[in-house]
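The structure appears right after this line, and notes come after that.
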Amino acid sequence: MPLVIVYAILGYWAAGVVVYENKIVFHRLGELFFQKLVLGVIFGWILIPIAILKRIFFRR
C-alpha cells in the first residue's frame with residue numbers, strides 16, 4: 001500500500017512536470033488536481049522516467 005501512495009505522488013508530480021509545465025490552465029476547483037492525479041496514475045510508468053530525465057538534463 002505505501003508503494004501505491006508513493007507511485008501516485010510521483011505520478012502527480014510527473015504529470016505536472018511533463019504535461020502541465022509552462023501552461024496556464026483554468027479549471028474548476030479541484031478538477032485540475034484530479035485530472036493530474038488520474039493522468040499520473042494511468043501514465044505514471046512513462047511520465048515518471050521522462051520527468052526525472054527532464055529535471056536532470058534541462059535544469060534552469
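Residues are named by chain letter and number: chains run A, B, ... in the order of the C-alpha cells, numbers start at 1 in each chain, and ligands are numbered from 1 in the order shown.
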
**OP:** With a distance cut-off of 7 Å and only C-alpha atoms, select the neighbouring residues of region 6-21 of chain A, excluding the residue or stretch itself and same-chain residues fewer than 2 positions from it, and output the selection as a ChimeraX atom specification.
**Re:** /A:2-4,23,36-37,39-41,44,47-48,51

Selection to disk with N, CA, C and O atoms, as a short mmCIF file (atom, residue, chain, number, x, y, z; two decimals), in the first residue's frame:
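Writing the result to part-v7.cif gives the following:
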data_model
loop_
_atom_site.label_atom_id
_atom_site.label_comp_id
_atom_site.auth_asym_id
_atom_site.auth_seq_id
_atom_site.Cartn_x
_atom_site.Cartn_y
_atom_site.Cartn_z
N PRO A 2 1.95 1.33 0.76
CA PRO A 2 2.77 2.54 0.70
C PRO A 2 3.37 2.78 -0.68
O PRO A 2 3.54 3.93 -1.08
N LEU A 3 3.66 1.72 -1.42
CA LEU A 3 4.20 1.89 -2.77
C LEU A 3 3.18 2.51 -3.71
O LEU A 3 3.53 3.28 -4.60
N VAL A 4 1.91 2.19 -3.51
CA VAL A 4 0.85 2.77 -4.33
C VAL A 4 0.74 4.26 -4.07
O VAL A 4 0.58 5.06 -5.00
N LYS A 23 2.32 26.02 -18.72
CA LYS A 23 0.98 26.19 -19.29
C LYS A 23 0.10 26.90 -18.26
O LYS A 23 0.23 26.70 -17.07
N LYS A 36 -4.75 15.74 -13.04
CA LYS A 36 -3.33 15.41 -12.94
C LYS A 36 -3.11 14.09 -12.21
O LYS A 36 -2.24 13.30 -12.59
N LEU A 37 -3.89 13.83 -11.17
CA LEU A 37 -3.75 12.60 -10.40
C LEU A 37 -4.08 11.39 -11.27
O LEU A 37 -3.32 10.41 -11.30
N LEU A 39 -4.15 11.20 -14.58
CA LEU A 39 -3.15 11.11 -15.64
C LEU A 39 -1.84 10.53 -15.11
O LEU A 39 -1.22 9.68 -15.76
N GLY A 40 -1.44 10.95 -13.93
CA GLY A 40 -0.22 10.44 -13.32
C GLY A 40 -0.30 8.99 -12.93
O GLY A 40 0.67 8.25 -13.05
N VAL A 41 -1.46 8.54 -12.46
CA VAL A 41 -1.60 7.14 -12.06
C VAL A 41 -1.67 6.24 -13.29
O VAL A 41 -1.07 5.17 -13.33
N GLY A 44 1.82 6.99 -15.32
CA GLY A 44 2.99 7.23 -14.48
C GLY A 44 4.19 6.41 -14.88
O GLY A 44 5.33 6.85 -14.73
N LEU A 47 5.59 8.67 -17.54
CA LEU A 47 5.79 10.07 -17.17
C LEU A 47 6.88 10.25 -16.12
O LEU A 47 7.62 11.23 -16.16
N ILE A 48 6.99 9.32 -15.18
CA ILE A 48 7.97 9.45 -14.10
C ILE A 48 9.41 9.42 -14.64
O ILE A 48 10.19 10.31 -14.32
N ALA A 51 10.03 12.70 -16.56
CA ALA A 51 10.16 13.85 -15.67
C ALA A 51 11.51 13.86 -14.98
O ALA A 51 12.13 14.92 -14.83
#

**OP:** Please return as a VMD selection string: the residues of chain A that backbone DSSP assigns to helix (DSSP H, G or I).
**Re:** chain A and resid 2 to 18 31 to 57

Can you spit out the residues from that selection as a compact mmCIF listing (two decimals), in the first residue's frame, using N, CA and C atoms?
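again.txt, written as the output of this step:
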# COMPACT_ATOMS: atom_id res chain seq x y z
N PRO A 2 1.95 1.33 0.76
CA PRO A 2 2.77 2.54 0.70
C PRO A 2 3.37 2.78 -0.68
N LEU A 3 3.66 1.72 -1.42
CA LEU A 3 4.20 1.89 -2.77
C LEU A 3 3.18 2.51 -3.71
N VAL A 4 1.91 2.19 -3.51
CA VAL A 4 0.85 2.77 -4.33
C VAL A 4 0.74 4.26 -4.07
N ILE A 5 0.86 4.65 -2.83
CA ILE A 5 0.80 6.07 -2.47
C ILE A 5 1.99 6.83 -3.03
N VAL A 6 3.17 6.24 -2.92
CA VAL A 6 4.38 6.87 -3.48
C VAL A 6 4.27 6.98 -4.99
N TYR A 7 3.77 5.92 -5.64
CA TYR A 7 3.58 5.94 -7.10
C TYR A 7 2.59 7.03 -7.51
N ALA A 8 1.51 7.19 -6.77
CA ALA A 8 0.51 8.22 -7.09
C ALA A 8 1.10 9.61 -6.91
N ILE A 9 1.88 9.81 -5.87
CA ILE A 9 2.52 11.12 -5.64
C ILE A 9 3.52 11.43 -6.74
N LEU A 10 4.37 10.45 -7.07
CA LEU A 10 5.34 10.65 -8.14
C LEU A 10 4.66 10.84 -9.49
N GLY A 11 3.58 10.13 -9.74
CA GLY A 11 2.83 10.29 -10.98
C GLY A 11 2.20 11.67 -11.08
N TYR A 12 1.66 12.16 -9.98
CA TYR A 12 1.09 13.51 -9.95
C TYR A 12 2.17 14.55 -10.24
N TRP A 13 3.33 14.40 -9.60
CA TRP A 13 4.44 15.32 -9.84
C TRP A 13 4.90 15.25 -11.29
N ALA A 14 5.02 14.04 -11.82
CA ALA A 14 5.50 13.86 -13.19
C ALA A 14 4.51 14.43 -14.20
N ALA A 15 3.23 14.29 -13.96
CA ALA A 15 2.24 14.87 -14.86
C ALA A 15 2.36 16.39 -14.88
N GLY A 16 2.63 16.98 -13.73
CA GLY A 16 2.83 18.43 -13.68
C GLY A 16 4.08 18.87 -14.40
N VAL A 17 5.14 18.07 -14.30
CA VAL A 17 6.41 18.43 -14.94
C VAL A 17 6.37 18.22 -16.45
N VAL A 18 5.79 17.11 -16.88
CA VAL A 18 5.84 16.75 -18.30
C VAL A 18 4.69 17.40 -19.08
N GLU A 31 -10.69 20.25 -10.01
CA GLU A 31 -10.71 19.50 -11.27
C GLU A 31 -9.30 19.26 -11.81
N LEU A 32 -8.45 20.26 -11.72
CA LEU A 32 -7.08 20.10 -12.20
C LEU A 32 -6.32 19.08 -11.35
N PHE A 33 -6.56 19.09 -10.05
CA PHE A 33 -5.92 18.13 -9.16
C PHE A 33 -6.26 16.71 -9.57
N PHE A 34 -7.54 16.42 -9.75
CA PHE A 34 -7.94 15.06 -10.10
C PHE A 34 -7.51 14.68 -11.50
N GLN A 35 -7.50 15.64 -12.42
CA GLN A 35 -7.05 15.37 -13.77
C GLN A 35 -5.57 14.98 -13.78
N LYS A 36 -4.75 15.74 -13.04
CA LYS A 36 -3.33 15.41 -12.94
C LYS A 36 -3.11 14.09 -12.21
N LEU A 37 -3.89 13.83 -11.17
CA LEU A 37 -3.75 12.60 -10.40
C LEU A 37 -4.08 11.39 -11.27
N VAL A 38 -5.18 11.44 -11.98
CA VAL A 38 -5.57 10.31 -12.83
C VAL A 38 -4.57 10.11 -13.96
N LEU A 39 -4.15 11.20 -14.58
CA LEU A 39 -3.15 11.11 -15.64
C LEU A 39 -1.84 10.53 -15.11
N GLY A 40 -1.44 10.95 -13.93
CA GLY A 40 -0.22 10.44 -13.32
C GLY A 40 -0.30 8.99 -12.93
N VAL A 41 -1.46 8.54 -12.46
CA VAL A 41 -1.60 7.14 -12.06
C VAL A 41 -1.67 6.24 -13.29
N ILE A 42 -2.39 6.67 -14.32
CA ILE A 42 -2.52 5.83 -15.52
C ILE A 42 -1.23 5.79 -16.32
N PHE A 43 -0.62 6.94 -16.54
CA PHE A 43 0.56 7.01 -17.39
C PHE A 43 1.84 7.26 -16.60
N GLY A 44 1.82 6.99 -15.32
CA GLY A 44 2.99 7.23 -14.48
C GLY A 44 4.19 6.41 -14.88
N TRP A 45 3.95 5.22 -15.39
CA TRP A 45 5.06 4.34 -15.79
C TRP A 45 5.93 4.98 -16.86
N ILE A 46 5.39 5.89 -17.67
CA ILE A 46 6.20 6.58 -18.68
C ILE A 46 6.50 8.02 -18.27
N LEU A 47 5.59 8.67 -17.54
CA LEU A 47 5.79 10.07 -17.17
C LEU A 47 6.88 10.25 -16.12
N ILE A 48 6.99 9.32 -15.18
CA ILE A 48 7.97 9.45 -14.10
C ILE A 48 9.41 9.42 -14.64
N PRO A 49 9.78 8.45 -15.49
CA PRO A 49 11.15 8.49 -16.04
C PRO A 49 11.41 9.71 -16.91
N ILE A 50 10.41 10.15 -17.68
CA ILE A 50 10.59 11.34 -18.52
C ILE A 50 10.80 12.57 -17.64
N ALA A 51 10.03 12.70 -16.56
CA ALA A 51 10.16 13.85 -15.67
C ALA A 51 11.51 13.86 -14.98
N ILE A 52 11.98 12.69 -14.56
CA ILE A 52 13.29 12.63 -13.91
C ILE A 52 14.39 13.02 -14.88
N LEU A 53 14.35 12.48 -16.10
CA LEU A 53 15.35 12.85 -17.12
C LEU A 53 15.27 14.33 -17.48
N LYS A 54 14.05 14.85 -17.55
CA LYS A 54 13.86 16.26 -17.86
C LYS A 54 14.48 17.14 -16.77
N ARG A 55 14.31 16.75 -15.52
CA ARG A 55 14.89 17.53 -14.41
C ARG A 55 16.41 17.42 -14.38
N ILE A 56 16.95 16.29 -14.77
CA ILE A 56 18.41 16.12 -14.75
C ILE A 56 19.06 16.90 -15.88
N PHE A 57 18.54 16.79 -17.10
CA PHE A 57 19.22 17.36 -18.26
C PHE A 57 18.78 18.76 -18.65
